[in-house]
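Pasted below: structure_15.txt, compact mmCIF, C-alpha atoms.
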```txt
# COMPACT_ATOMS: atom_id res chain seq x y z
CA SER A 1 15.16 17.83 -7.52
CA SER A 2 15.69 14.15 -6.84
CA ARG A 3 12.39 14.08 -4.96
CA GLU A 4 10.52 15.39 -8.03
CA ARG A 5 12.27 12.85 -10.28
CA ILE A 6 11.32 10.01 -7.93
CA GLN A 7 7.72 11.26 -7.78
CA ALA A 8 7.46 11.47 -11.56
CA ARG A 9 8.88 7.98 -12.06
CA TYR A 10 7.38 5.97 -9.21
CA PHE A 11 4.33 7.82 -7.85
CA PRO A 12 1.90 8.76 -10.64
CA ASN A 13 -0.70 11.17 -9.33
CA VAL A 14 -3.63 9.10 -10.57
CA ALA A 15 -7.14 9.48 -9.18
CA LEU A 16 -8.33 6.75 -6.83
CA THR A 17 -11.41 6.21 -4.67
CA THR A 18 -11.25 5.11 -1.03
CA HIS A 19 -13.48 2.49 0.57
CA HIS A 20 -15.43 5.48 1.96
CA GLY A 21 -16.12 6.74 -1.57
CA GLN A 22 -13.74 9.71 -1.27
CA ARG A 23 -11.80 10.73 -4.40
CA VAL A 24 -8.05 11.15 -3.80
CA ARG A 25 -4.89 11.69 -5.82
CA PHE A 26 -2.24 9.03 -5.24
CA TYR A 27 0.77 11.29 -4.79
CA ASP A 28 -0.73 14.60 -3.63
CA ASP A 29 -3.21 13.17 -1.12
CA LEU A 30 -1.73 9.85 -0.03
CA ILE A 31 2.06 9.77 -0.44
CA LYS A 32 3.54 13.28 -0.40
CA GLY A 33 5.35 14.02 2.86
CA ARG A 34 4.15 10.83 4.57
CA ILE A 35 5.38 7.53 5.91
CA VAL A 36 3.29 4.91 4.14
CA THR A 37 2.77 1.25 3.40
CA VAL A 38 1.36 0.11 0.07
CA ASN A 39 0.24 -3.34 -0.99
CA PHE A 40 -1.92 -4.73 -3.76
CA MET A 41 -4.77 -7.16 -3.15
CA TYR A 42 -8.30 -7.97 -4.17
CA ALA A 43 -11.34 -8.71 -2.06
CA THR A 44 -12.27 -12.09 -3.56
CA CYS A 45 -8.76 -13.54 -3.48
CA GLU A 46 -8.58 -17.13 -2.27
CA GLY A 47 -4.80 -17.11 -2.09
CA ALA A 48 -2.46 -14.95 -0.04
CA CYS A 49 -4.55 -11.74 0.14
CA PRO A 50 -6.64 -12.69 3.20
CA LEU A 51 -3.54 -13.94 5.01
CA ILE A 52 -1.61 -10.75 4.22
CA THR A 53 -4.55 -8.55 5.23
CA SER A 54 -4.84 -10.46 8.51
CA ASN A 55 -1.10 -10.10 9.05
CA LEU A 56 -1.21 -6.37 8.33
CA THR A 57 -4.07 -5.90 10.83
CA LYS A 58 -1.63 -7.18 13.44
CA VAL A 59 0.98 -4.72 12.15
CA GLN A 60 -1.60 -1.93 12.43
CA LYS A 61 -2.23 -2.88 16.06
CA LEU A 62 1.50 -2.98 16.82
CA LEU A 63 1.95 0.50 15.34
CA GLY A 64 -0.96 1.69 17.47
CA ASN A 65 -2.12 5.28 17.25
CA ARG A 66 0.70 6.15 14.84
CA VAL A 67 -1.46 4.68 12.03
CA GLY A 68 -3.47 7.55 10.62
CA ARG A 69 -1.27 10.12 12.34
CA ASP A 70 2.40 9.39 11.43
CA ILE A 71 2.02 6.26 9.30
CA PHE A 72 -0.62 5.66 6.64
CA MET A 73 -1.52 2.26 5.23
CA TYR A 74 -2.91 1.71 1.72
CA SER A 75 -4.17 -1.43 0.01
CA ILE A 76 -4.99 -1.08 -3.68
CA THR A 77 -7.23 -3.56 -5.46
CA LEU A 78 -5.95 -5.45 -8.48
CA LYS A 79 -9.54 -5.94 -9.64
CA PRO A 80 -11.02 -2.43 -9.73
CA GLU A 81 -13.86 -3.56 -11.98
CA GLN A 82 -15.09 -5.84 -9.15
CA ASP A 83 -13.86 -4.10 -6.03
CA THR A 84 -16.06 -1.02 -5.82
CA PRO A 85 -15.85 1.25 -2.78
CA ALA A 86 -18.84 -0.61 -1.29
CA VAL A 87 -17.14 -4.00 -1.75
CA LEU A 88 -13.91 -2.65 -0.25
CA LYS A 89 -15.81 -1.13 2.69
CA GLN A 90 -17.40 -4.50 3.41
CA HIS A 91 -13.92 -6.09 3.16
CA VAL A 92 -12.56 -3.57 5.70
CA GLU A 93 -15.40 -4.29 8.11
CA MET A 94 -15.03 -8.06 7.70
CA HIS A 95 -11.33 -7.86 8.63
CA GLY A 96 -11.84 -5.44 11.53
CA ILE A 97 -9.48 -2.87 10.06
CA GLY A 98 -9.05 0.32 12.05
CA PRO A 99 -8.66 3.95 11.00
CA GLY A 100 -5.59 5.11 9.09
CA TRP A 101 -5.67 2.22 6.62
CA GLN A 102 -7.47 2.92 3.36
CA PHE A 103 -8.50 0.45 0.70
CA LEU A 104 -8.46 1.98 -2.76
CA THR A 105 -9.86 1.38 -6.21
CA GLY A 106 -9.70 3.31 -9.46
CA ARG A 107 -9.72 3.01 -13.22
CA ALA A 108 -8.11 -0.26 -14.36
CA GLY A 109 -5.44 1.53 -16.41
CA ASP A 110 -4.50 3.78 -13.49
CA VAL A 111 -4.26 0.86 -11.07
CA GLU A 112 -2.07 -1.03 -13.55
CA ARG A 113 0.15 2.03 -13.98
CA LEU A 114 0.56 2.25 -10.19
CA ARG A 115 1.29 -1.46 -9.88
CA ARG A 116 4.02 -1.26 -12.49
CA SER A 117 5.57 2.02 -11.31
CA LEU A 118 5.76 0.73 -7.72
CA GLY A 119 7.47 -2.48 -8.87
CA PHE A 120 4.72 -4.97 -8.03
CA VAL A 121 5.44 -7.03 -11.16
CA ASP A 122 6.73 -10.47 -12.00
CA SER A 123 9.52 -10.76 -14.56
CA ASP A 124 7.63 -13.59 -16.29
CA PRO A 125 4.86 -11.92 -18.38
CA ARG A 126 2.62 -15.04 -18.16
CA VAL A 127 2.76 -15.03 -14.36
CA ASP A 128 2.41 -11.24 -14.26
CA ARG A 129 -0.89 -11.38 -16.24
CA ASP A 130 -2.42 -13.87 -13.79
CA LYS A 131 -3.92 -11.82 -10.94
CA SER A 132 -4.00 -14.90 -8.70
CA GLN A 133 -0.18 -14.97 -8.87
CA HIS A 134 0.39 -11.38 -7.73
CA ILE A 135 3.38 -10.48 -5.63
CA GLY A 136 2.54 -10.52 -1.91
CA MET A 137 4.94 -7.75 -0.94
CA VAL A 138 4.42 -4.59 1.08
CA ARG A 139 6.29 -1.48 0.00
CA TYR A 140 6.92 1.04 2.76
CA GLY A 141 8.71 4.32 2.91
CA ASN A 142 9.16 7.88 3.97
CA GLU A 143 8.47 10.05 0.92
CA ALA A 144 9.96 13.22 2.38
CA LEU A 145 13.26 11.50 3.17
CA GLU A 146 13.21 9.34 0.00
CA LEU A 147 13.66 6.16 2.07
CA TRP A 148 11.91 3.14 0.51
CA ALA A 149 12.01 -0.61 1.02
CA ALA A 150 9.76 -3.65 0.76
CA CYS A 151 9.11 -6.77 2.76
CA PRO A 152 7.02 -9.93 2.36
CA GLY A 153 3.42 -9.42 3.43
CA LEU A 154 3.59 -12.68 5.36
CA ALA A 155 6.68 -11.82 7.41
CA THR A 156 6.07 -11.69 11.15
CA PRO A 157 4.00 -8.66 12.15
CA GLU A 158 6.69 -7.58 14.62
CA TRP A 159 9.36 -7.59 11.91
CA ILE A 160 7.15 -5.65 9.49
CA ALA A 161 6.27 -3.05 12.14
CA ARG A 162 9.93 -2.62 13.10
CA SER A 163 10.93 -2.33 9.43
CA ILE A 164 8.30 0.36 8.84
CA SER A 165 9.52 2.25 11.91
CA TRP A 166 13.07 2.36 10.55
CA VAL A 167 12.07 4.69 7.73
CA ASP A 168 11.11 7.20 10.42
CA TRP A 169 14.75 8.17 10.68
CA PRO A 170 16.21 9.81 12.69
CA ARG A 171 13.37 9.18 15.19
CA VAL A 172 12.94 5.43 15.50
CA PRO A 173 10.40 4.78 18.24
CA ALA A 174 10.45 1.64 20.33
CA LEU A 175 7.68 -0.83 19.56
```

As structure tokens:
Amino acid sequence: SSRERIQARYFPNVALTTHHGQRVRFYDDLIKGRIVTVNFMYATCEGACPLITSNLTKVQKLLGNRVGRDIFMYSITLKPEQDTPAVLKQHVEMHGIGPGWQFLTGRAGDVERLRRSLGFVDSDPRVDRDKSQHIGMVRYGNEALELWAACPGLATPEWIARSISWVDWPRVPAL
């Protein structure tokens, strides 16, 4: 089916670990049948990561109790060798992030495979290798309906929340 082809190409079922230390499979446990947001970051970033995380906390508040029930948010570290579950948990607490948004780490090769398969790459290989130059986008979608899009992580929180809600077709709730 087209859904299986999309899963095989874009959503490798790699093992990851949440900021709570729970082992999960990317596709089976996090993506399959869900409305999700995915972004890449790292805890010690001095560039856009803290701004995007702060922006997404506002998005989480706008989406309210739908986060963790209808919509699931995932941030995956670009520096898994540094960002252990304990470091990510501290990062979550520092930013006041609520339930329904998981920060994830894993083996470096698996994280890189996810980054590439989800399209978080720069066409210039020199820029792409530099983790401080990572793309500050948020991918969002409805896996069951095969609806996917992306937006800048620094767009207004209201616009991001409304964009995420549009993949909940045909039920688009008012924000």

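The nearest approach to A:Asn39 among the residues A:Arg115, A:His20, A:Arg126, A:Arg162, with only C-alpha atoms taken into account, belongs to A:Arg115.
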
At most 9 Å is the cut-off: for each residue in stretch 110-174 of chain A with any atom that close to an atom of stretch 65-86 of chain A, write down the nearest atom pair and the distance in Å rounded to one decimal, counting all atoms listed in the file, chain first then increasing number, as a tab-separated table.
```
residue	atom	partner	partner_atom	distance
A:Val111	CA	A:Leu78	CA	7.0
A:Glu112	CA	A:Leu78	CA	7.8
A:Arg115	CA	A:Leu78	CA	8.4
A:Lys131	CA	A:Leu78	CA	7.1
A:His134	CA	A:Leu78	CA	8.7
A:Tyr140	CA	A:Met73	CA	8.9
A:Ile164	CA	A:Ile71	CA	8.6
A:Ser165	CA	A:Ile71	CA	8.9
```

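Relative to atom CA of A:Asp122, atom CA of A:Thr37 is found at 19.8 Å.
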
Next on the checklist: Report as a list of chain:residue names all protein, DNA and RNA residues lying within 6 Å of A:His19, evaluated on only C-alpha atoms, omitting residues in the same chain fewer than 4 positions from it.
Outcome noted: A:Pro85, A:Leu88, A:Lys89, A:Phe103

Next on the checklist: Within 12 Å of (4.8, -3.0, -10.3) (file coordinates; only C-alpha atoms), which protein or nucleic acid residues are there? I'd like them as a PyMOL selection string.
Outcome noted: chain A and resi 9-11+38-40+76+78+110-123+128-129+134-139

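In terms of minimum interatomic distance to A:Glu143, A:Glu4 ranks closest within A:Glu158, A:Glu4, A:Asp124, A:Glu93, counting all atoms listed in the file.
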
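Take atom CA of A:Gly153 and atom CA of A:Asn55: the distance between them is 7.2 Å.
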
Next on the checklist: What does the structure give for the distance between atom CA of A:Leu104 and atom CA of A:Cys151, in Å to one decimal?
Outcome noted: 20.4 Å

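Nearest to A:Gly100 of all the residues A:Gly21, A:Asn142, A:Cys49, A:Thr57 is A:Thr57, counting all atoms listed in the file.
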
Some atoms are absent from stretch 68-79 of chain A, so rebuild N, CA, C and O atoms and return them as a short mmCIF file (atom, residue, chain, number, x, y, z; two decimals), keeping the file's coordinate frame.
```cif
data_model
loop_
_atom_site.label_atom_id
_atom_site.label_comp_id
_atom_site.auth_asym_id
_atom_site.auth_seq_id
_atom_site.Cartn_x
_atom_site.Cartn_y
_atom_site.Cartn_z
N GLY A 68 -2.52 6.47 10.83
CA GLY A 68 -3.47 7.55 10.62
C GLY A 68 -2.97 8.89 11.11
O GLY A 68 -3.55 9.92 10.81
N ARG A 69 -1.87 8.88 11.86
CA ARG A 69 -1.27 10.12 12.34
C ARG A 69 0.13 10.30 11.73
O ARG A 69 0.39 11.29 11.07
N ASP A 70 1.02 9.33 11.95
CA ASP A 70 2.40 9.39 11.43
C ASP A 70 2.61 8.41 10.28
O ASP A 70 3.51 8.61 9.47
N ILE A 71 1.86 7.33 10.28
CA ILE A 71 2.02 6.26 9.30
C ILE A 71 0.65 6.00 8.68
O ILE A 71 -0.35 5.92 9.39
N PHE A 72 0.63 5.88 7.36
CA PHE A 72 -0.62 5.66 6.64
C PHE A 72 -0.50 4.38 5.83
O PHE A 72 0.52 4.15 5.18
N MET A 73 -1.53 3.55 5.91
CA MET A 73 -1.52 2.26 5.23
C MET A 73 -2.51 2.29 4.07
O MET A 73 -3.63 2.78 4.23
N TYR A 74 -2.07 1.74 2.92
CA TYR A 74 -2.91 1.71 1.72
C TYR A 74 -2.87 0.33 1.08
O TYR A 74 -1.80 -0.22 0.85
N SER A 75 -4.04 -0.19 0.78
CA SER A 75 -4.17 -1.43 0.01
C SER A 75 -4.95 -1.08 -1.25
O SER A 75 -6.04 -0.50 -1.17
N ILE A 76 -4.40 -1.43 -2.39
CA ILE A 76 -4.99 -1.08 -3.68
C ILE A 76 -5.45 -2.35 -4.36
O ILE A 76 -4.69 -3.31 -4.49
N THR A 77 -6.70 -2.36 -4.82
CA THR A 77 -7.23 -3.56 -5.46
C THR A 77 -6.61 -3.79 -6.84
O THR A 77 -6.37 -2.85 -7.59
N LEU A 78 -6.40 -5.05 -7.15
CA LEU A 78 -5.95 -5.45 -8.48
C LEU A 78 -7.14 -5.70 -9.41
O LEU A 78 -6.96 -5.92 -10.59
N LYS A 79 -8.33 -5.70 -8.86
CA LYS A 79 -9.54 -5.94 -9.64
C LYS A 79 -10.52 -4.78 -9.44
O LYS A 79 -11.59 -4.93 -8.84
#
```
